[in-house]
$ cat model-v5.pdb   # PDB, C-alpha atoms
ATOM      1  CA  MET A 755       3.326  22.089 -20.008
ATOM      2  CA  GLU A 756      -0.322  21.102 -19.971
ATOM      3  CA  VAL A 757      -2.213  19.803 -16.943
ATOM      4  CA  GLU A 758      -5.177  17.510 -17.404
ATOM      5  CA  GLY A 759      -7.444  16.500 -14.537
ATOM      6  CA  TRP A 760     -10.571  14.465 -14.119
ATOM      7  CA  ALA A 761     -12.598  13.573 -11.075
ATOM      8  CA  VAL A 762     -15.282  10.995 -10.387
ATOM      9  CA  TRP A 763     -17.246  10.748  -7.177
ATOM     10  CA  PRO A 764     -18.622   7.209  -6.750
ATOM     11  CA  ARG A 765     -20.944   5.880  -4.096
ATOM     12  CA  GLY A 766     -19.809   5.750  -0.503
ATOM     13  CA  SER A 767     -17.223   7.741   1.392
ATOM     14  CA  CYS A 768     -13.653   7.345   2.582
ATOM     15  CA  MET A 769     -12.284   8.049   6.020
ATOM     16  CA  ASP A 770      -8.803   8.968   4.872
ATOM     17  CA  SER A 771      -6.909  10.284   1.879
ATOM     18  CA  TRP A 772      -4.030   8.895  -0.174
ATOM     19  CA  ARG A 773      -1.726  10.963  -2.371
ATOM     20  CA  ILE A 774       0.441   9.099  -4.892
ATOM     21  CA  PHE A 775       2.849  11.102  -7.041
ATOM     22  CA  PHE A 776       4.341   9.572 -10.193
ATOM     23  CA  THR A 777       7.463  10.793 -11.946
ATOM     24  CA  GLY A 778       9.442   9.364 -14.840
ATOM     25  CA  VAL A 779      10.748   9.897 -18.336
ATOM     26  CA  GLY A 780       8.719   9.906 -21.520
ATOM     27  CA  GLY A 781       8.216   6.395 -22.872
ATOM     28  CA  GLN A 782       8.274   4.585 -19.510
ATOM     29  CA  GLY A 783       4.510   4.206 -19.214
ATOM     30  CA  THR A 784       4.121   6.576 -16.277
ATOM     31  CA  LEU A 785       0.747   7.869 -17.455
ATOM     32  CA  LEU A 786      -0.626   4.393 -18.149
ATOM     33  CA  ALA A 787       0.284   3.320 -14.620
ATOM     34  CA  THR A 788      -1.463   6.405 -13.263
ATOM     35  CA  ARG A 789      -4.634   5.682 -15.199
ATOM     36  CA  ILE A 790      -4.656   2.021 -14.192
ATOM     37  CA  LEU A 791      -4.426   2.935 -10.516
ATOM     38  CA  GLY A 792      -7.169   5.538 -10.916
ATOM     39  CA  GLU A 793      -9.506   3.097 -12.631
ATOM     40  CA  ALA A 794      -8.791   0.468  -9.967
ATOM     41  CA  ALA A 795      -9.981   2.985  -7.379
ATOM     42  CA  LEU A 796     -13.188   3.489  -9.338
ATOM     43  CA  LEU A 797     -13.813  -0.258  -9.415
ATOM     44  CA  THR A 798     -13.784  -0.294  -5.617
ATOM     45  CA  ASP A 799     -15.947   2.834  -5.219
ATOM     46  CA  VAL A 800     -13.072   4.896  -3.871
ATOM     47  CA  GLN A 801     -13.312   8.616  -4.574
ATOM     48  CA  VAL A 802     -10.439   9.520  -6.877
ATOM     49  CA  VAL A 803      -8.902  12.446  -8.729
ATOM     50  CA  VAL A 804      -6.227  11.888 -11.378
ATOM     51  CA  SER A 805      -3.973  14.526 -12.900
ATOM     52  CA  GLU A 806      -1.395  14.358 -15.667
ATOM     53  CA  ILE A 807       1.332  16.848 -16.506
ATOM     54  CA  HIS A 808       2.630  16.492 -20.036
ATOM     55  CA  GLY A 809       6.106  17.812 -20.625
ATOM     56  CA  MET A 810       8.483  16.722 -23.387
ATOM     57  CA  ALA A 811       7.330  13.113 -23.131
ATOM     58  CA  GLN A 812       8.063  12.282 -26.756
ATOM     59  CA  ARG A 813      11.663  13.455 -26.421
ATOM     60  CA  GLY A 814      12.570  11.771 -23.164
ATOM     61  CA  GLY A 815      11.473  14.675 -20.998
ATOM     62  CA  VAL A 816      10.076  14.459 -17.497
ATOM     63  CA  VAL A 817       6.494  13.243 -17.074
ATOM     64  CA  GLU A 818       4.658  13.765 -13.792
ATOM     65  CA  SER A 819       1.206  12.676 -12.686
ATOM     66  CA  ALA A 820      -0.777  12.010  -9.538
ATOM     67  CA  VAL A 821      -3.555   9.865  -8.140
ATOM     68  CA  VAL A 822      -5.320  11.360  -5.134
ATOM     69  CA  MET A 823      -7.901   9.241  -3.335
ATOM     70  CA  GLY A 824     -10.269   9.895  -0.466
ATOM     71  CA  LYS A 825     -11.907  13.078   0.793
ATOM     72  CA  VAL A 826     -10.004  15.504  -1.389
ATOM     73  CA  LEU A 827     -10.999  17.883  -4.172
ATOM     74  CA  SER A 828      -7.694  18.896  -5.726
ATOM     75  CA  PRO A 829      -5.589  16.683  -8.018
ATOM     76  CA  VAL A 830      -2.463  18.579  -6.983
ATOM     77  CA  VAL A 831       0.112  16.959  -4.696
ATOM     78  CA  SER A 832       1.912  19.879  -3.105
ATOM     79  CA  ASP A 833       5.441  19.761  -1.730
ATOM     80  CA  GLY A 834       5.642  17.545   1.342
ATOM     81  CA  GLU A 835       2.210  15.973   0.740
ATOM     82  CA  ALA A 836       2.968  12.729  -1.105
ATOM     83  CA  ASP A 837       2.112   9.599   0.830
ATOM     84  CA  VAL A 838       3.783   7.604  -1.939
ATOM     85  CA  LEU A 839       6.322   8.637  -4.566
ATOM     86  CA  MET A 840       6.502   6.332  -7.583
ATOM     87  CA  ALA A 841       9.793   7.112  -9.341
ATOM     88  CA  PHE A 842      10.338   5.379 -12.661
ATOM     89  CA  GLU A 843      13.923   6.672 -12.935
ATOM     90  CA  PRO A 844      16.481   7.242 -10.132
ATOM     91  CA  LEU A 845      17.411  10.838 -10.950
ATOM     92  CA  GLU A 846      13.714  11.735 -11.120
ATOM     93  CA  ALA A 847      13.282  10.217  -7.649
ATOM     94  CA  LEU A 848      15.838  12.681  -6.339
ATOM     95  CA  ARG A 849      14.288  15.596  -8.209
ATOM     96  CA  ALA A 850      10.825  14.810  -6.852
ATOM     97  CA  LEU A 851      12.017  14.431  -3.268
ATOM     98  CA  ARG A 852      10.437  17.811  -2.488
ATOM     99  CA  LYS A 853       7.032  16.120  -2.766
ATOM    100  CA  CYS A 854       7.844  13.809   0.147
ATOM    101  CA  SER A 855       7.869  14.088   3.915
ATOM    102  CA  ALA A 856       9.514  12.063   6.661
ATOM    103  CA  HIS A 857       6.528   9.685   6.487
ATOM    104  CA  SER A 858       6.473   9.056   2.731
ATOM    105  CA  LEU A 859       6.997   5.725   0.993
ATOM    106  CA  VAL A 860       9.229   5.925  -2.078
ATOM    107  CA  ILE A 861       9.313   3.161  -4.694
ATOM    108  CA  ALA A 862      12.164   3.880  -7.088
ATOM    109  CA  ASN A 863      13.456   2.148 -10.188
ATOM    110  CA  THR A 864      17.268   2.113  -9.980
ATOM    111  CA  SER A 865      17.848   1.608 -13.712
ATOM    112  CA  PRO A 866      18.831   5.002 -15.138
ATOM    113  CA  ILE A 867      17.887   6.611 -18.426
ATOM    114  CA  SER A 868      20.610   9.032 -19.435
ATOM    115  CA  PRO A 869      19.407  12.494 -20.449
ATOM    116  CA  PHE A 870      20.849  14.098 -23.562
ATOM    117  CA  ALA A 871      23.482  16.041 -21.634
ATOM    118  CA  VAL A 872      24.850  12.763 -20.258
ATOM    119  CA  SER A 873      24.613  10.888 -23.560
ATOM    120  CA  SER A 874      26.502  13.681 -25.307
ATOM    121  CA  GLY A 875      29.271  13.564 -22.714
ATOM    122  CA  LYS A 876      28.689  17.077 -21.384
ATOM    123  CA  VAL A 877      27.907  15.942 -17.830
ATOM    124  CA  GLN A 878      28.198  12.748 -15.806
ATOM    125  CA  TYR A 879      25.178  10.872 -14.510
ATOM    126  CA  PRO A 880      25.065  10.976 -10.676
ATOM    127  CA  ASP A 881      25.895   7.843  -8.710
ATOM    128  CA  VAL A 882      22.659   5.894  -8.245
ATOM    129  CA  SER A 883      23.610   4.502  -4.830
ATOM    130  CA  GLU A 884      24.373   7.998  -3.548
ATOM    131  CA  MET A 885      21.048   9.287  -4.835
ATOM    132  CA  MET A 886      19.169   6.453  -3.177
ATOM    133  CA  ARG A 887      20.953   7.112   0.124
ATOM    134  CA  THR A 888      19.892  10.747  -0.080
ATOM    135  CA  VAL A 889      16.288   9.782  -0.762
ATOM    136  CA  SER A 890      16.284   7.194   2.010
ATOM    137  CA  GLY A 891      17.510   9.756   4.532
ATOM    138  CA  HIS A 892      14.555  12.057   3.915
ATOM    139  CA  VAL A 893      11.582   9.668   3.800
ATOM    140  CA  GLY A 894       9.914   7.042   5.928
ATOM    141  CA  LYS A 895      10.675   4.073   3.670
ATOM    142  CA  LEU A 896      12.500   3.541   0.397
ATOM    143  CA  ILE A 897      12.083   0.492  -1.825
ATOM    144  CA  ALA A 898      14.727   0.663  -4.547
ATOM    145  CA  LEU A 899      14.621  -2.023  -7.233
ATOM    146  CA  ASN A 900      15.848  -2.648 -10.748
ATOM    147  CA  ALA A 901      12.415  -2.641 -12.338
ATOM    148  CA  ARG A 902      13.871  -2.817 -15.835
ATOM    149  CA  SER A 903      15.526  -6.144 -15.055
ATOM    150  CA  LEU A 904      12.310  -7.565 -13.615
ATOM    151  CA  ALA A 905      10.334  -6.310 -16.610
ATOM    152  CA  ARG A 906      12.832  -7.980 -18.922
ATOM    153  CA  GLY A 907      12.255 -11.210 -17.010
ATOM    154  CA  ALA A 908       8.538 -10.878 -17.678
ATOM    155  CA  GLY A 909       9.172 -10.526 -21.394
ATOM    156  CA  SER A 910       9.491  -6.807 -22.106
ATOM    157  CA  GLU A 911      11.496  -3.903 -20.700
ATOM    158  CA  LEU A 912       8.480  -1.734 -21.467
ATOM    159  CA  ALA A 913       6.665  -3.330 -18.518
ATOM    160  CA  VAL A 914       8.596  -1.315 -15.918
ATOM    161  CA  ASN A 915       5.358   0.467 -15.038
ATOM    162  CA  MET A 916       3.638  -2.828 -14.210
ATOM    163  CA  VAL A 917       6.548  -3.935 -12.022
ATOM    164  CA  LEU A 918       6.338  -0.746  -9.984
ATOM    165  CA  LEU A 919       2.556  -1.034  -9.652
ATOM    166  CA  GLY A 920       2.999  -4.545  -8.319
ATOM    167  CA  THR A 921       5.526  -3.355  -5.753
ATOM    168  CA  LEU A 922       3.156  -0.598  -4.673
ATOM    169  CA  MET A 923       0.266  -2.998  -4.154
ATOM    170  CA  ARG A 924       2.444  -5.326  -2.077
ATOM    171  CA  GLN A 925       2.835  -2.570   0.522
ATOM    172  CA  GLU A 926      -0.890  -2.552   1.394
ATOM    173  CA  ARG A 927      -0.932   1.242   1.735
ATOM    174  CA  LEU A 928      -4.055   1.813  -0.376
ATOM    175  CA  PRO A 929      -7.772   1.243   0.327
ATOM    176  CA  PHE A 930      -7.915  -1.766  -2.034
ATOM    177  CA  GLY A 931      -5.787  -4.797  -2.880
ATOM    178  CA  ARG A 932      -4.142  -6.140  -6.013
ATOM    179  CA  GLU A 933      -7.246  -7.665  -7.613
ATOM    180  CA  PRO A 934      -8.831  -4.491  -9.034
ATOM    181  CA  VAL A 935      -5.458  -3.407 -10.428
ATOM    182  CA  GLU A 936      -5.076  -6.741 -12.216
ATOM    183  CA  THR A 937      -8.623  -6.413 -13.550
ATOM    184  CA  VAL A 938      -7.812  -3.022 -15.089
ATOM    185  CA  ILE A 939      -4.552  -4.352 -16.540
ATOM    186  CA  LYS A 940      -6.542  -7.073 -18.292
ATOM    187  CA  THR A 941      -9.079  -4.666 -19.743
ATOM    188  CA  ARG A 942      -7.018  -1.537 -20.435
ATOM    189  CA  THR A 943      -3.774  -2.819 -21.915
ATOM    190  CA  ARG A 944      -3.327  -4.071 -25.455
ATOM    191  CA  LYS A 945      -4.215  -7.746 -25.797
ATOM    192  CA  PRO A 946      -0.760  -8.945 -27.010
ATOM    193  CA  PHE A 947       0.816  -7.509 -23.838
ATOM    194  CA  VAL A 948      -1.711  -8.563 -21.197
ATOM    195  CA  GLU A 949       0.137 -11.696 -20.062
ATOM    196  CA  ILE A 950       3.494  -9.911 -20.007
ATOM    197  CA  ASN A 951       2.010  -7.065 -17.999
ATOM    198  CA  LEU A 952       0.396  -9.423 -15.502
ATOM    199  CA  GLU A 953       3.672 -11.326 -15.109
ATOM    200  CA  ALA A 954       5.577  -8.064 -14.589
ATOM    201  CA  PHE A 955       2.984  -6.944 -12.038
ATOM    202  CA  ASP A 956       3.387 -10.227 -10.158
ATOM    203  CA  LEU A 957       7.188  -9.984 -10.173
ATOM    204  CA  GLY A 958       6.911  -6.503  -8.719
ATOM    205  CA  PHE A 959       4.443  -7.746  -6.122
ATOM    206  CA  GLN A 960       7.056 -10.243  -4.913
ATOM    207  CA  VAL A 961       9.481  -7.438  -4.018
ATOM    208  CA  VAL A 962       9.457  -6.900  -0.250
TER     209      VAL A 962
END
$ encode --input "model-v5.pdb" --output "C-alpha cells"
Amino acid sequence: MEVEGWAVWPRGSCMDSWRIFFTGVGGQGTLLATRILGEAALLTDVQVVVSEIHGMAQRGGVVESAVVMGKVLSPVVSDGEADVLMAFEPLEALRALRKCSAHSLVIANTSPISPFAVSSGKVQYPDVSEMMRTVSGHVGKLIALNARSLARGAGSELAVNMVLLGTLMRQERLPFGREPVETVIKTRTRKPFVEINLEAFDLGFQVV
C-alpha cells in the first residue's frame, strides 16, 4: 500500500478540528469524494490535510482516505478519532468501526459489493441489517442509506460518492456549507457528468 498526503495552510485559523475517514471499494469514487471535500475546505480558507491510501483499487480492493481539517498537522485518523466515517460499502463500514468512538457520525451506503470470495461461493456475505445494527450500537449516530439507488435516480450508479457527500453536508457538522462542495463538483468533475453529480449530491442532501 502507498500513502499519499498533501497539506495546505490558508489564511486564518480554526478553533476546532474535524476528522473525516473514508472507506470503500475500488471503483466507487472514494478518492474523488475525498479530494472534492478537501478542495471545498480550501475554498473557505479552512486548514486542511488530505491523505489517500491506495490498495488494490483496480481489482475491487479496499480504498481508504481521510480529510482532516482545523488545527492539526497529521493526515492520519487513528483508531477512535474519526468524527465522521464515510462508508461507501456496508461491510467496509463494519471493518472501519475501529476508527469511530461513541460520538462519531457514520454515513453508510447499504448497497453491498460482493468480494471475490462471496462471488465465487466460498463464503456468504454478512447480513446488512445486522452489520448496521452493530455499527449503530457503537457510534453516536448512524445514517444508513441505499446510495446506489439514489445515484441511479440521478442518472448513474457511479454517482454514489456524490450522494454520500450530499448526505454529509446536510448534517452541518463541518465548518462550511454545501455551496463550496457544489462549486468544486462543477469544476473538478468531467463536464458530461456535472449535472448528474449535482443531482446526486442534492438527492443525498435530502436524506435526513
$ closest_residue --input "model-v5.pdb" --among "A:Val821, A:Ile950, A:Ser828, A:Ile774" --to "Leu796 (chain A)" --atoms "only C-alpha atoms"
A:Val821
$ residues_around --input "model-v5.pdb" --residues "Val860 (chain A)" --least-positions-apart "4" --cutoff "6 Å" --atoms "all atoms listed in the file" --output "VMD selection string"
chain A and resid 838 to 839 896
$ closest_residue --input "model-v5.pdb" --among "A:Val816, A:Leu922, A:Val935, A:Val826" --to "Leu845 (chain A)" --atoms "all atoms listed in the file"
A:Val816
$ atom_distance --input "model-v5.pdb" --atom1 "CA of Glu949 (chain A)" --atom2 "CA of Ala908 (chain A)"
8.8 Å
$ closest_residue --input "model-v5.pdb" --among "A:Glu911, A:Glu884, A:Val802, A:Phe776" --to "Ala862 (chain A)" --atoms "only C-alpha atoms"
A:Phe776
$ axis_aligned_box --input "model-v5.pdb" --around "region 920-927 of chain A" --padding-each-side "4 Å" --output "lines of an AutoDock Vina configuration file"
center_x = 2.3
center_y = -2.0
center_z = -3.3
size_x = 14.5
size_y = 14.6
size_z = 18.1
$ atom_distance --input "model-v5.pdb" --atom1 "CA of Pro866 (chain A)" --atom2 "CA of Ser883 (chain A)"
11.4 Å
$ decode --input "model-v5.pdb" --residues "region 789-919 of chain A" --atoms "C-alpha atoms" --output "PDB file, in the first residue's frame"
ATOM      1  CA  ARG A 789     -10.461  15.412  -2.953  1.00  0.00           C
ATOM      2  CA  ILE A 790     -13.684  17.342  -3.506  1.00  0.00           C
ATOM      3  CA  LEU A 791     -14.171  17.783   0.232  1.00  0.00           C
ATOM      4  CA  GLY A 792     -10.544  18.846   0.653  1.00  0.00           C
ATOM      5  CA  GLU A 793     -10.776  21.429  -2.111  1.00  0.00           C
ATOM      6  CA  ALA A 794     -14.050  22.744  -0.670  1.00  0.00           C
ATOM      7  CA  ALA A 795     -12.190  23.372   2.585  1.00  0.00           C
ATOM      8  CA  LEU A 796      -9.539  25.320   0.699  1.00  0.00           C
ATOM      9  CA  LEU A 797     -12.195  27.492  -0.933  1.00  0.00           C
ATOM     10  CA  THR A 798     -13.375  28.560   2.516  1.00  0.00           C
ATOM     11  CA  ASP A 799      -9.867  29.123   3.929  1.00  0.00           C
ATOM     12  CA  VAL A 800     -10.107  26.147   6.255  1.00  0.00           C
ATOM     13  CA  GLN A 801      -6.791  24.500   7.085  1.00  0.00           C
ATOM     14  CA  VAL A 802      -6.866  21.003   5.621  1.00  0.00           C
ATOM     15  CA  VAL A 803      -4.765  17.873   5.253  1.00  0.00           C
ATOM     16  CA  VAL A 804      -5.805  15.096   2.868  1.00  0.00           C
ATOM     17  CA  SER A 805      -4.405  11.577   2.753  1.00  0.00           C
ATOM     18  CA  GLU A 806      -5.047   8.676   0.407  1.00  0.00           C
ATOM     19  CA  ILE A 807      -4.214   5.015   0.900  1.00  0.00           C
ATOM     20  CA  HIS A 808      -4.116   3.068  -2.336  1.00  0.00           C
ATOM     21  CA  GLY A 809      -4.683  -0.639  -2.015  1.00  0.00           C
ATOM     22  CA  MET A 810      -5.962  -2.960  -4.744  1.00  0.00           C
ATOM     23  CA  ALA A 811      -8.333  -0.306  -6.067  1.00  0.00           C
ATOM     24  CA  GLN A 812      -8.295  -1.588  -9.634  1.00  0.00           C
ATOM     25  CA  ARG A 813      -9.320  -5.074  -8.519  1.00  0.00           C
ATOM     26  CA  GLY A 814     -12.113  -4.174  -6.141  1.00  0.00           C
ATOM     27  CA  GLY A 815      -9.866  -3.916  -3.106  1.00  0.00           C
ATOM     28  CA  VAL A 816     -10.362  -1.640  -0.135  1.00  0.00           C
ATOM     29  CA  VAL A 817      -9.607   2.065  -0.576  1.00  0.00           C
ATOM     30  CA  GLU A 818      -9.219   4.325   2.450  1.00  0.00           C
ATOM     31  CA  SER A 819      -8.634   8.056   2.695  1.00  0.00           C
ATOM     32  CA  ALA A 820      -9.082  10.931   5.108  1.00  0.00           C
ATOM     33  CA  VAL A 821      -9.779  14.640   5.259  1.00  0.00           C
ATOM     34  CA  VAL A 822      -8.566  16.330   8.431  1.00  0.00           C
ATOM     35  CA  MET A 823      -9.465  19.975   8.976  1.00  0.00           C
ATOM     36  CA  GLY A 824      -8.572  22.510  11.629  1.00  0.00           C
ATOM     37  CA  LYS A 825      -5.549  22.848  13.897  1.00  0.00           C
ATOM     38  CA  VAL A 826      -3.939  19.534  13.063  1.00  0.00           C
ATOM     39  CA  LEU A 827      -0.684  18.535  11.388  1.00  0.00           C
ATOM     40  CA  SER A 828      -1.120  14.835  10.690  1.00  0.00           C
ATOM     41  CA  PRO A 829      -3.299  13.378   7.913  1.00  0.00           C
ATOM     42  CA  VAL A 830      -3.709  10.173   9.912  1.00  0.00           C
ATOM     43  CA  VAL A 831      -7.025   9.351  11.589  1.00  0.00           C
ATOM     44  CA  SER A 832      -6.094   6.977  14.381  1.00  0.00           C
ATOM     45  CA  ASP A 833      -8.428   4.419  15.920  1.00  0.00           C
ATOM     46  CA  GLY A 834     -11.227   6.103  17.848  1.00  0.00           C
ATOM     47  CA  GLU A 835     -10.528   9.548  16.345  1.00  0.00           C
ATOM     48  CA  ALA A 836     -12.968   9.820  13.434  1.00  0.00           C
ATOM     49  CA  ASP A 837     -15.612  12.485  13.860  1.00  0.00           C
ATOM     50  CA  VAL A 838     -17.248  11.164  10.695  1.00  0.00           C
ATOM     51  CA  LEU A 839     -16.950   7.803   8.956  1.00  0.00           C
ATOM     52  CA  MET A 840     -17.987   7.817   5.299  1.00  0.00           C
ATOM     53  CA  ALA A 841     -18.542   4.175   4.322  1.00  0.00           C
ATOM     54  CA  PHE A 842     -19.220   3.539   0.653  1.00  0.00           C
ATOM     55  CA  GLU A 843     -19.960  -0.160   1.261  1.00  0.00           C
ATOM     56  CA  PRO A 844     -21.667  -1.792   4.285  1.00  0.00           C
ATOM     57  CA  LEU A 845     -19.022  -4.411   5.071  1.00  0.00           C
ATOM     58  CA  GLU A 846     -16.338  -1.715   4.926  1.00  0.00           C
ATOM     59  CA  ALA A 847     -18.368   0.310   7.439  1.00  0.00           C
ATOM     60  CA  LEU A 848     -18.110  -2.584   9.862  1.00  0.00           C
ATOM     61  CA  ARG A 849     -14.412  -3.091   9.182  1.00  0.00           C
ATOM     62  CA  ALA A 850     -13.653   0.587   9.775  1.00  0.00           C
ATOM     63  CA  LEU A 851     -15.646   0.759  13.001  1.00  0.00           C
ATOM     64  CA  ARG A 852     -12.352   0.823  14.919  1.00  0.00           C
ATOM     65  CA  LYS A 853     -11.860   4.389  13.665  1.00  0.00           C
ATOM     66  CA  CYS A 854     -15.003   5.550  15.469  1.00  0.00           C
ATOM     67  CA  SER A 855     -15.920   6.474  19.016  1.00  0.00           C
ATOM     68  CA  ALA A 856     -19.217   6.753  20.861  1.00  0.00           C
ATOM     69  CA  HIS A 857     -19.522  10.297  19.467  1.00  0.00           C
ATOM     70  CA  SER A 858     -18.875   9.558  15.786  1.00  0.00           C
ATOM     71  CA  LEU A 859     -21.296  10.098  12.917  1.00  0.00           C
ATOM     72  CA  VAL A 860     -21.373   7.241  10.409  1.00  0.00           C
ATOM     73  CA  ILE A 861     -22.850   7.654   6.926  1.00  0.00           C
ATOM     74  CA  ALA A 862     -23.034   4.232   5.302  1.00  0.00           C
ATOM     75  CA  ASN A 863     -24.164   3.024   1.905  1.00  0.00           C
ATOM     76  CA  THR A 864     -26.230  -0.142   2.441  1.00  0.00           C
ATOM     77  CA  SER A 865     -25.819  -1.469  -1.108  1.00  0.00           C
ATOM     78  CA  PRO A 866     -23.181  -4.215  -0.953  1.00  0.00           C
ATOM     79  CA  ILE A 867     -20.420  -5.060  -3.392  1.00  0.00           C
ATOM     80  CA  SER A 868     -19.590  -8.735  -3.082  1.00  0.00           C
ATOM     81  CA  PRO A 869     -15.888  -9.536  -2.731  1.00  0.00           C
ATOM     82  CA  PHE A 870     -14.419 -12.357  -4.788  1.00  0.00           C
ATOM     83  CA  ALA A 871     -14.803 -14.911  -2.003  1.00  0.00           C
ATOM     84  CA  VAL A 872     -18.550 -14.229  -1.935  1.00  0.00           C
ATOM     85  CA  SER A 873     -18.943 -14.131  -5.718  1.00  0.00           C
ATOM     86  CA  SER A 874     -17.161 -17.472  -6.011  1.00  0.00           C
ATOM     87  CA  GLY A 875     -19.464 -19.039  -3.433  1.00  0.00           C
ATOM     88  CA  LYS A 876     -16.746 -19.726  -0.867  1.00  0.00           C
ATOM     89  CA  VAL A 877     -18.314 -17.549   1.842  1.00  0.00           C
ATOM     90  CA  GLN A 878     -21.629 -15.805   2.432  1.00  0.00           C
ATOM     91  CA  TYR A 879     -21.955 -12.038   2.575  1.00  0.00           C
ATOM     92  CA  PRO A 880     -22.960 -10.901   6.099  1.00  0.00           C
ATOM     93  CA  ASP A 881     -26.488  -9.659   6.712  1.00  0.00           C
ATOM     94  CA  VAL A 882     -26.512  -5.911   6.047  1.00  0.00           C
ATOM     95  CA  SER A 883     -29.142  -5.133   8.691  1.00  0.00           C
ATOM     96  CA  GLU A 884     -27.119  -6.970  11.333  1.00  0.00           C
ATOM     97  CA  MET A 885     -23.978  -5.080  10.364  1.00  0.00           C
ATOM     98  CA  MET A 886     -25.772  -1.754  10.560  1.00  0.00           C
ATOM     99  CA  ARG A 887     -27.156  -2.628  14.000  1.00  0.00           C
ATOM    100  CA  THR A 888     -23.632  -3.397  15.173  1.00  0.00           C
ATOM    101  CA  VAL A 889     -22.334  -0.098  13.823  1.00  0.00           C
ATOM    102  CA  SER A 890     -25.235   1.840  15.310  1.00  0.00           C
ATOM    103  CA  GLY A 891     -24.571   0.376  18.752  1.00  0.00           C
ATOM    104  CA  HIS A 892     -21.011   1.692  18.834  1.00  0.00           C
ATOM    105  CA  VAL A 893     -21.351   5.246  17.489  1.00  0.00           C
ATOM    106  CA  GLY A 894     -23.228   8.433  18.217  1.00  0.00           C
ATOM    107  CA  LYS A 895     -25.326   8.464  15.040  1.00  0.00           C
ATOM    108  CA  LEU A 896     -25.719   6.220  12.018  1.00  0.00           C
ATOM    109  CA  ILE A 897     -27.281   7.297   8.730  1.00  0.00           C
ATOM    110  CA  ALA A 898     -27.700   4.203   6.569  1.00  0.00           C
ATOM    111  CA  LEU A 899     -28.994   4.723   3.034  1.00  0.00           C
ATOM    112  CA  ASN A 900     -29.079   2.960  -0.303  1.00  0.00           C
ATOM    113  CA  ALA A 901     -26.820   5.424  -2.074  1.00  0.00           C
ATOM    114  CA  ARG A 902     -26.669   3.273  -5.193  1.00  0.00           C
ATOM    115  CA  SER A 903     -30.426   3.564  -5.661  1.00  0.00           C
ATOM    116  CA  LEU A 904     -30.329   7.337  -5.222  1.00  0.00           C
ATOM    117  CA  ALA A 905     -27.403   7.610  -7.635  1.00  0.00           C
ATOM    118  CA  ARG A 906     -29.345   5.573 -10.175  1.00  0.00           C
ATOM    119  CA  GLY A 907     -32.206   8.039  -9.783  1.00  0.00           C
ATOM    120  CA  ALA A 908     -29.814  10.862 -10.609  1.00  0.00           C
ATOM    121  CA  GLY A 909     -28.748   9.113 -13.794  1.00  0.00           C
ATOM    122  CA  SER A 910     -25.721   6.989 -12.921  1.00  0.00           C
ATOM    123  CA  GLU A 911     -24.854   4.394 -10.286  1.00  0.00           C
ATOM    124  CA  LEU A 912     -21.324   5.778 -10.399  1.00  0.00           C
ATOM    125  CA  ALA A 913     -22.544   8.866  -8.524  1.00  0.00           C
ATOM    126  CA  VAL A 914     -22.708   7.067  -5.164  1.00  0.00           C
ATOM    127  CA  ASN A 915     -19.865   9.278  -3.954  1.00  0.00           C
ATOM    128  CA  MET A 916     -21.862  12.438  -4.683  1.00  0.00           C
ATOM    129  CA  VAL A 917     -24.911  11.076  -2.859  1.00  0.00           C
ATOM    130  CA  LEU A 918     -22.856  10.417   0.257  1.00  0.00           C
ATOM    131  CA  LEU A 919     -21.227  13.854   0.086  1.00  0.00           C
TER     132      LEU A 919
END
